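Below: entry-v5.cif (mmCIF, C-alpha atoms and all ligand atoms)
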```cif
data_final
#
loop_
_atom_site.label_atom_id
_atom_site.label_comp_id
_atom_site.auth_asym_id
_atom_site.auth_seq_id
_atom_site.Cartn_x
_atom_site.Cartn_y
_atom_site.Cartn_z
CA MET A 1 104.36 101.36 61.14
CA ALA A 2 104.35 104.52 63.17
CA ASP A 3 105.59 104.56 66.74
CA ALA A 4 102.09 105.35 67.93
CA GLU A 5 100.79 102.16 66.34
CA LEU A 6 103.55 100.10 67.90
CA HIS A 7 102.72 101.56 71.27
CA ALA A 8 99.04 100.81 70.74
CA ALA A 9 100.04 97.21 69.99
CA LEU A 10 102.08 97.20 73.18
CA ALA A 11 99.09 98.47 75.15
CA ARG A 12 96.89 95.71 73.70
CA ALA A 13 99.51 93.12 74.65
CA GLN A 14 99.61 94.54 78.17
CA THR A 15 95.82 94.25 78.43
CA ARG A 16 96.08 90.59 77.44
CA LEU A 17 98.86 89.82 79.93
CA ASP A 18 96.97 91.62 82.68
CA THR A 19 94.37 88.85 82.56
CA LEU A 20 97.02 86.28 83.54
CA ASP A 21 98.49 85.62 86.97
CA PHE A 22 101.83 84.04 86.04
CA TYR A 23 103.64 86.54 88.29
CA PRO A 24 102.66 88.46 91.42
CA GLU A 25 102.97 91.89 89.77
CA PRO A 26 101.46 92.86 86.41
CA VAL A 27 103.91 93.69 83.63
CA HIS A 28 105.25 97.24 83.74
CA VAL A 29 105.37 98.80 80.30
CA ASP A 30 106.12 102.45 81.04
CA ARG A 31 109.82 102.00 80.27
CA VAL A 32 109.49 99.36 77.56
CA ARG A 33 110.69 100.42 74.13
CA ILE A 34 109.55 98.73 70.93
CA HIS A 35 111.36 99.12 67.60
CA VAL A 36 111.34 97.67 64.12
CA ALA A 37 114.97 96.62 63.53
CA PRO A 38 115.36 94.26 60.57
CA TRP A 39 119.18 94.48 60.74
CA PHE A 40 119.17 92.71 64.08
CA PHE A 41 117.56 89.63 62.55
CA ARG A 42 120.36 89.30 60.01
CA ILE A 43 122.81 88.49 62.80
CA PRO A 44 123.62 84.76 62.82
CA GLY A 45 121.73 83.08 65.64
CA PHE A 46 118.84 85.54 65.43
CA ARG A 47 117.68 84.88 61.89
CA ARG A 48 114.98 82.45 62.97
CA TYR A 49 113.20 84.99 65.17
CA ARG A 50 110.49 87.48 64.19
CA GLY A 51 110.81 89.34 67.46
CA TYR A 52 113.27 89.49 70.29
CA ALA A 53 112.94 90.87 73.79
CA PHE A 54 115.72 92.33 75.85
CA TRP A 55 115.05 93.47 79.37
CA ARG A 56 113.25 96.64 78.39
CA THR A 57 113.41 96.63 74.62
CA ILE A 58 111.43 94.65 72.08
CA LEU A 59 112.90 94.38 68.59
CA LEU A 60 110.72 93.36 65.64
CA LYS A 61 111.88 91.98 62.33
CA GLY A 62 109.18 93.66 60.28
CA PRO A 63 106.53 96.34 60.54
CA ASN A 64 102.92 95.49 61.36
CA PRO A 65 103.62 92.77 63.93
CA SER A 66 100.71 90.59 64.95
CA ASP A 67 99.26 91.18 68.39
CA ASP A 68 100.24 87.61 69.21
CA LEU A 69 103.89 88.36 68.48
CA VAL A 70 103.90 91.52 70.58
CA THR A 71 102.13 89.66 73.41
CA HIS A 72 104.74 86.89 73.22
CA GLU A 73 107.66 89.32 73.39
CA LEU A 74 106.07 91.41 76.13
CA CYS A 75 105.62 88.21 78.13
CA HIS A 76 109.42 87.80 77.99
CA VAL A 77 109.78 91.35 79.34
CA TRP A 78 107.36 90.42 82.12
CA GLN A 79 109.35 87.29 82.92
CA GLY A 80 112.51 89.38 83.06
CA GLN A 81 110.87 91.74 85.55
CA HIS A 82 110.42 88.80 87.92
CA ARG A 83 112.89 86.07 87.10
CA ALA A 84 115.82 87.76 85.39
CA LEU A 85 118.53 85.53 86.80
CA HIS A 86 116.72 82.26 86.34
CA MET A 87 115.75 83.29 82.83
CA SER A 88 119.35 83.97 81.85
CA TRP A 89 120.36 80.66 83.35
CA LYS A 90 117.70 78.77 81.40
CA GLN A 91 118.67 80.54 78.20
CA LEU A 92 122.21 79.24 78.62
CA THR A 93 121.32 75.73 79.71
CA THR A 94 118.15 74.76 77.82
CA ARG A 95 117.35 74.38 74.20
CA TYR A 96 115.15 77.08 72.72
CA ARG A 97 112.21 74.74 72.15
CA SER A 98 112.17 73.34 75.66
CA ASN A 99 112.99 76.58 77.46
CA PRO A 100 110.24 76.98 80.09
CA TYR A 101 110.05 80.74 79.50
CA GLU A 102 109.56 80.17 75.80
CA LEU A 103 106.76 77.72 76.53
CA GLU A 104 105.22 80.11 79.04
CA ALA A 105 105.23 82.97 76.51
CA ARG A 106 103.42 80.72 74.02
CA ARG A 107 100.94 79.76 76.73
CA ALA A 108 100.32 83.44 77.43
CA VAL A 109 99.44 84.01 73.77
CA GLU A 110 97.18 80.96 73.56
CA ALA A 111 95.42 81.71 76.84
CA THR A 112 94.60 85.29 75.87
CA ARG A 113 93.79 84.82 72.20
CA ALA A 114 90.11 83.98 72.76
CA ALA A 115 89.66 87.18 74.76
CA GLN A 116 90.76 89.14 71.68
CA ALA A 117 88.10 87.76 69.37
CA PRO A 118 85.39 90.33 68.54
ZN ZN B 201 110.01 83.76 72.80
#
```

Once you've parsed the file, please lay out its structure as C-alpha cells.
Ligand SMILES: [Zn+2]
Amino acid sequence: MADAELHAALARAQTRLDTLDFYPEPVHVDRVRIHVAPWFFRIPGFRRYRGYAFWRTILLKGPNPSDDLVTHELCHVWQGQHRALHMSWKQLTTRYRSNPYELEARRAVEATRAAQAP
C-alpha cells in the first residue's frame, strides 16, 4: 500500500474521530506517521496485535489495513495527546482487555462505523 493510501486512511480515521467528543481538542494528525512494519509484530509481546500506536507513530502489521483498525490506532494517538501519563500508568497496571483506553478505542470504532456506511 502506497504512503498516499495510508495517509488517506489516516484522514478518514480523523474524520470519524472528529465526530466524537471524548476529549476537548480534536486529534492532531499533522505529525502522525503511519507505517507498515511486519517485523515489529514478530517481537514477543506484540504478536497478537495488528496495529500499534506510539505517541506519534502508528505501526501496522500488514498492508491494506481496515479503516476500523486505523481509527482504533488513531484513537490511541488522540488519547496520548490528552492523557499521556494516565495512559502509560494504565498500560502498566491494567490488563489489556480491561484497559479503559483500549475499551475507549473500541467504542470510538463502534460509534463511528455507522457514519461510514454508504
Ligand atoms: Zn488498542

Could you list, as a ChimeraX atom specification, all the residues within 10 Å of ligand ZN 201 (chain B), counting all atoms listed in the file? /A:49-53,69,71-76,96-97,99-106

When you look at Tyr23 of chain A with a cut-off of 9 Å (counting only C-alpha atoms), what residues show up, excluding the ones that are within fewer than 6 positions of it in the same chain? I need them as JSON, numbers by chain. {"A": [78, 79, 82]}

Sel. within 12 Å of pt (98.8, 97.8, 79.0), counting all atoms listed in the file, output as a PDB file with C-alpha atoms, in the frame of the given file:
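New file result_19.pdb:
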```pdb
ATOM      1  CA  HIS A   7     102.720 101.560  71.270  1.00  0.00           C
ATOM      2  CA  ALA A   8      99.040 100.810  70.740  1.00  0.00           C
ATOM      3  CA  ALA A   9     100.040  97.210  69.990  1.00  0.00           C
ATOM      4  CA  LEU A  10     102.080  97.200  73.180  1.00  0.00           C
ATOM      5  CA  ALA A  11      99.090  98.470  75.150  1.00  0.00           C
ATOM      6  CA  ARG A  12      96.890  95.710  73.700  1.00  0.00           C
ATOM      7  CA  ALA A  13      99.510  93.120  74.650  1.00  0.00           C
ATOM      8  CA  GLN A  14      99.610  94.540  78.170  1.00  0.00           C
ATOM      9  CA  THR A  15      95.820  94.250  78.430  1.00  0.00           C
ATOM     10  CA  ARG A  16      96.080  90.590  77.440  1.00  0.00           C
ATOM     11  CA  LEU A  17      98.860  89.820  79.930  1.00  0.00           C
ATOM     12  CA  ASP A  18      96.970  91.620  82.680  1.00  0.00           C
ATOM     13  CA  THR A  19      94.370  88.850  82.560  1.00  0.00           C
ATOM     14  CA  PRO A  26     101.460  92.860  86.410  1.00  0.00           C
ATOM     15  CA  VAL A  27     103.910  93.690  83.630  1.00  0.00           C
ATOM     16  CA  HIS A  28     105.250  97.240  83.740  1.00  0.00           C
ATOM     17  CA  VAL A  29     105.370  98.800  80.300  1.00  0.00           C
ATOM     18  CA  ASP A  30     106.120 102.450  81.040  1.00  0.00           C
ATOM     19  CA  ARG A  31     109.820 102.000  80.270  1.00  0.00           C
ATOM     20  CA  VAL A  32     109.490  99.360  77.560  1.00  0.00           C
ATOM     21  CA  VAL A  70     103.900  91.520  70.580  1.00  0.00           C
ATOM     22  CA  THR A  71     102.130  89.660  73.410  1.00  0.00           C
ATOM     23  CA  LEU A  74     106.070  91.410  76.130  1.00  0.00           C
ATOM     24  CA  CYS A  75     105.620  88.210  78.130  1.00  0.00           C
ATOM     25  CA  TRP A  78     107.360  90.420  82.120  1.00  0.00           C
TER      26      TRP A  78
END
```

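As for atom CA of Arg33 of chain A and atom CA of Asp21 of chain A, they are spaced 23.1 Å apart.
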
Centre, x/y/z edge lengths, axis-aligned box for segment 73-91 of chain A with 3 Å per side, as JSON:
```
{"center_x": 113.0, "center_y": 85.3, "center_z": 80.7, "size_x": 20.7, "size_y": 19.0, "size_z": 20.5}
```

Which distance in Å separates atom CA of His35 of chain A and atom CA of Leu59 of chain A, to one decimal?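 Distance between the two atoms: 5.1 Å.
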
Expressed in Å to a single decimal, how great is the separation between atom CA of Leu85 of chain A and atom CA of Arg107 of chain A?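 Straight-line distance from atom CA of Leu85 of chain A to atom CA of Arg107 of chain A works out to 21.1 Å.
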
When distances are computed from all atoms listed in the file, which of A:Leu6, A:Arg42, A:Asp67, A:Thr57 shows the smallest separation from Thr112 of chain A? A:Asp67

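Among A:Met87, A:Leu92, A:Ala108, A:Ile34, the residue with the shortest atom-to-atom distance to Asp68 of chain A, counting only C-alpha atoms, is A:Ala108.
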